[in-house]
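Chemist: What follows is work.tsv; its format and atoms are TSV, C-alpha atoms.
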chain	number	residue	atom	x	y	z
A	931	THR	CA	100.23	93.26	66.90
A	932	ARG	CA	96.74	91.82	67.19
A	933	GLU	CA	93.86	94.22	66.52
A	934	ASP	CA	90.28	94.02	67.70
A	935	PRO	CA	87.38	94.14	65.19
A	936	ALA	CA	87.16	97.95	65.53
A	937	GLY	CA	90.77	98.25	64.36
A	938	ASN	CA	92.27	99.20	67.72
A	939	SER	CA	95.51	97.72	68.98
A	940	LYS	CA	97.07	97.79	72.43
A	941	GLU	CA	99.73	100.15	71.07
A	942	LYS	CA	97.08	102.62	69.83
A	943	TRP	CA	95.39	102.63	73.24
A	944	VAL	CA	98.71	103.26	75.00
A	945	GLU	CA	99.33	106.38	72.88
A	946	THR	CA	96.24	108.09	74.35
A	947	THR	CA	96.44	106.69	77.88
A	948	GLU	CA	97.65	108.67	80.89
A	949	PRO	CA	99.32	106.90	83.82
A	950	SER	CA	97.30	106.58	87.02
A	951	SER	CA	97.52	109.53	89.40
A	952	ALA	CA	96.81	107.44	92.52
A	953	GLU	CA	97.05	103.73	93.23
A	954	TYR	CA	95.60	101.68	96.07
A	955	GLN	CA	95.57	98.04	97.12
A	956	ALA	CA	92.90	95.73	95.78
A	957	HIS	CA	89.95	94.94	98.07
A	958	MET	CA	90.09	98.23	100.00
A	959	ALA	CA	86.64	98.93	98.50
A	960	PRO	CA	86.14	102.69	98.14
A	961	ILE	CA	82.46	103.18	98.87
A	962	GLY	CA	82.07	106.87	99.74
A	963	PHE	CA	83.77	109.94	98.25
A	964	GLN	CA	83.10	113.62	98.88
A	965	PHE	CA	84.95	116.90	98.29
A	966	PHE	CA	85.29	119.48	101.06
A	967	PRO	CA	83.45	122.72	100.30
A	968	ALA	CA	85.22	125.94	99.38
A	969	GLY	CA	86.27	127.94	102.43
A	970	SER	CA	86.56	124.93	104.75
A	971	THR	CA	89.83	123.84	106.38
A	972	TYR	CA	90.50	121.22	103.69
A	973	SER	CA	88.96	123.11	100.77
A	974	GLY	CA	89.62	121.36	97.45
A	975	ASP	CA	90.55	118.06	99.09
A	976	ALA	CA	88.30	115.02	99.39
A	977	LEU	CA	87.47	112.17	101.75
A	978	VAL	CA	87.15	108.55	100.69
A	979	SER	CA	85.76	105.83	102.94
A	980	TRP	CA	87.46	102.49	102.45
A	981	HIS	CA	84.77	99.95	103.33
A	982	GLY	CA	87.38	97.21	103.66
A	983	SER	CA	88.05	93.72	102.45
A	984	TRP	CA	85.98	90.77	103.52
A	985	ASN	CA	87.89	87.92	101.90
A	986	ARG	CA	91.60	88.64	102.30
A	987	SER	CA	93.89	86.76	104.66
A	988	LYS	CA	95.33	90.17	105.66
A	989	PRO	CA	92.45	92.67	105.81
A	990	VAL	CA	92.90	96.14	104.24
A	991	GLY	CA	90.81	99.29	104.14
A	992	PHE	CA	88.45	99.95	107.06
A	993	LYS	CA	89.35	103.64	107.31
A	994	VAL	CA	88.65	107.10	105.91
A	995	GLN	CA	91.40	108.97	104.10
A	996	ARG	CA	91.83	112.57	103.08
A	997	ILE	CA	92.94	112.81	99.46
A	998	ARG	CA	94.97	115.99	98.89
A	999	PHE	CA	94.49	117.71	95.53
A	1000	SER	CA	96.59	120.32	93.75
A	1001	ASN	CA	95.41	121.93	90.52
A	1002	GLY	CA	92.59	119.38	90.29
A	1003	LYS	CA	94.88	116.33	90.55
A	1004	PRO	CA	95.37	114.01	93.54
A	1005	VAL	CA	98.84	114.47	95.03
A	1006	GLY	CA	98.70	112.42	98.22
A	1007	ALA	CA	96.61	110.74	100.88
A	1008	GLU	CA	96.63	110.62	104.65
A	1009	ASP	CA	94.50	108.84	107.22
A	1010	PHE	CA	91.59	110.94	108.48
A	1011	LEU	CA	89.61	108.44	110.60
A	1012	THR	CA	90.97	105.05	111.65
A	1013	GLY	CA	90.44	102.47	114.37
A	1014	PHE	CA	87.96	100.28	112.50
A	1015	LEU	CA	90.53	97.47	112.24
A	1016	LYS	CA	92.90	96.16	114.90
A	1017	GLY	CA	95.02	93.33	113.50
A	1018	LYS	CA	92.43	91.05	111.93
A	1019	THR	CA	89.61	92.18	114.23
A	1020	ARG	CA	87.10	94.51	112.61
A	1021	PHE	CA	85.32	97.14	114.72
A	1022	GLY	CA	83.28	98.67	111.92
A	1023	ARG	CA	83.04	99.46	108.21
A	1024	PRO	CA	82.98	103.10	107.12
A	1025	ALA	CA	80.56	103.64	104.24
A	1026	GLY	CA	78.91	106.94	103.36
A	1027	VAL	CA	80.58	110.35	103.56
A	1028	ALA	CA	78.78	113.68	103.81
A	1029	ILE	CA	80.35	117.09	104.44
A	1030	THR	CA	78.30	120.15	105.36
A	1031	ALA	CA	78.96	123.65	104.02
A	1032	SER	CA	80.67	124.51	107.33
A	1033	GLY	CA	82.95	121.47	106.99
A	1034	THR	CA	81.37	119.10	109.53
A	1035	VAL	CA	82.00	115.53	108.36
A	1036	TYR	CA	79.52	112.69	108.77
A	1037	ILE	CA	80.65	109.10	108.25
A	1038	SER	CA	78.21	106.20	108.32
A	1039	ASP	CA	79.31	102.83	109.68
A	1040	ASP	CA	77.16	100.10	108.17
A	1041	ALA	CA	78.55	97.36	110.42
A	1042	ASN	CA	77.36	99.09	113.60
A	1043	GLY	CA	74.47	101.13	112.23
A	1044	VAL	CA	75.86	104.41	113.54
A	1045	LEU	CA	76.82	107.83	112.20
A	1046	TYR	CA	80.02	109.60	113.29
A	1047	SER	CA	80.22	113.40	113.34
A	1048	ILE	CA	83.59	115.15	113.08
A	1049	LYS	CA	83.68	118.92	113.46
A	1050	GLN	CA	86.58	121.03	112.17
A	1051	LYS	CA	88.30	123.49	114.47
Transcribe the structure of this file into structure tokens.
Modeler:
Amino acid sequence: TREDPAGNSKEKWVETTEPSSAEYQAHMAPIGFQFFPAGSTYSGDALVSWHGSWNRSKPVGFKVQRIRFSNGKPVGAEDFLTGFLKGKTRFGRPAGVAITASGTVYISDDANGVLYSIKQK
């Protein structure tokens, strides 16, 4: 076992490391993340905007996902806003995420210079 100058080894790091709770493909580029407020339809969950890859032969990302949480830990993800990518053709790139106290979601699209508003029922 090779140790670094501080006396740490890979084995020592592993002893205090927790496995990842969520994994995603490289190059999806998470650029915006926001929790829903208490009392809203998706209270306790979050939204992440995947800005998308720019240099992959098969593009990934280009969407907004809802990350479901239970007891403060992510337990799953589902698409919330899609349509920014059709095959290899890009329509837009979701960037910022803002959620109002009433649960209205705003998503900025920095490829088109627009803001989308999504109201909860």
Chemist: Looking at only C-alpha atoms, which of A:Val1027, A:Ala952, A:Ile961, A:Val1044 is the one that sits closest to Phe999 in chain A?
Modeler: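 Distance minimum relative to Phe999 in chain A lands on A:Ala952.
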Chemist: Calculated over all atoms listed in the file, which of the candidates A:Ala1028, A:Gly1022, A:Asn985, A:Asp975 has the smallest distance to Glu1008 in chain A?
Modeler: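 Going through A:Ala1028, A:Gly1022, A:Asn985, A:Asp975 one by one, the smallest distance to Glu1008 in chain A is for A:Asp975.
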Chemist: Do you know which residues are at most 12 Å from Arg996 in chain A counting only C-alpha atoms, after dropping those on the same chain fewer than 3 positions away, and could you put them as JSON, numbers by chain?
Modeler: {"A": [962, 963, 964, 965, 966, 971, 972, 973, 974, 975, 976, 977, 978, 979, 980, 993, 999, 1004, 1005, 1006, 1007, 1008, 1009, 1010, 1011, 1012, 1027, 1035]}
Chemist: With C-alpha atoms retained, could you export that selection as a short mmCIF file (atom, residue, chain, number, x, y, z; two decimals), in the coordinates of the input?
Modeler:
data_model
loop_
_atom_site.label_atom_id
_atom_site.label_comp_id
_atom_site.auth_asym_id
_atom_site.auth_seq_id
_atom_site.Cartn_x
_atom_site.Cartn_y
_atom_site.Cartn_z
CA GLY A 962 82.07 106.87 99.74
CA PHE A 963 83.77 109.94 98.25
CA GLN A 964 83.10 113.62 98.88
CA PHE A 965 84.95 116.90 98.29
CA PHE A 966 85.29 119.48 101.06
CA THR A 971 89.83 123.84 106.38
CA TYR A 972 90.50 121.22 103.69
CA SER A 973 88.96 123.11 100.77
CA GLY A 974 89.62 121.36 97.45
CA ASP A 975 90.55 118.06 99.09
CA ALA A 976 88.30 115.02 99.39
CA LEU A 977 87.47 112.17 101.75
CA VAL A 978 87.15 108.55 100.69
CA SER A 979 85.76 105.83 102.94
CA TRP A 980 87.46 102.49 102.45
CA LYS A 993 89.35 103.64 107.31
CA PHE A 999 94.49 117.71 95.53
CA PRO A 1004 95.37 114.01 93.54
CA VAL A 1005 98.84 114.47 95.03
CA GLY A 1006 98.70 112.42 98.22
CA ALA A 1007 96.61 110.74 100.88
CA GLU A 1008 96.63 110.62 104.65
CA ASP A 1009 94.50 108.84 107.22
CA PHE A 1010 91.59 110.94 108.48
CA LEU A 1011 89.61 108.44 110.60
CA THR A 1012 90.97 105.05 111.65
CA VAL A 1027 80.58 110.35 103.56
CA VAL A 1035 82.00 115.53 108.36
#
Chemist: CA of Ser1047 in chain A and CA of Phe1021 in chain A, how far apart in Å?
Modeler: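 Computing it gives 17.1 Å between the two atoms.
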Chemist: What's the 10 Å shell around Ser1032 in chain A, counting all atoms listed in the file, without same-chain residues fewer than 5 positions away, as an mmCIF file with C-alpha atoms, in the coordinates of the input?
Modeler:
data_model
loop_
_atom_site.group_PDB
_atom_site.id
_atom_site.type_symbol
_atom_site.label_atom_id
_atom_site.label_comp_id
_atom_site.auth_asym_id
_atom_site.auth_seq_id
_atom_site.Cartn_x
_atom_site.Cartn_y
_atom_site.Cartn_z
ATOM 1 C CA PHE A 966 85.290 119.480 101.060
ATOM 2 C CA PRO A 967 83.450 122.720 100.300
ATOM 3 C CA ALA A 968 85.220 125.940 99.380
ATOM 4 C CA GLY A 969 86.270 127.940 102.430
ATOM 5 C CA SER A 970 86.560 124.930 104.750
ATOM 6 C CA THR A 971 89.830 123.840 106.380
ATOM 7 C CA LYS A 1049 83.680 118.920 113.460
ATOM 8 C CA GLN A 1050 86.580 121.030 112.170
#
Chemist: Can you tell me how far CA of Phe1014 in chain A sits from CA of Ala959 in chain A, in Å to one decimal?
Modeler: 14.1 Å
Chemist: Interatomic distance between CA of Arg1023 in chain A and CA of Arg986 in chain A?
Modeler: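 CA of Arg986 in chain A lies at a distance of 15.0 Å from CA of Arg1023 in chain A.
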Chemist: So, with all atoms listed in the file as the atoms that count, which of A:Leu1015, A:Ile1037, A:Val990, A:Ile1029 lies closest to Gln955 in chain A?
Modeler: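 Checking each of A:Leu1015, A:Ile1037, A:Val990, A:Ile1029 against Gln955 in chain A, counting all atoms listed in the file, the winner is A:Val990.
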Chemist: Write out as a list in words the residues lying within 12 Å of Ser987 in chain A, counting all atoms listed in the file and excluding same-chain residues fewer than 3 positions away.
Modeler: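 Surrounding residues, per the criterion: His957, Ser983, Trp984, Val990, Gly1017, Lys1018 and Thr1019 of chain A.
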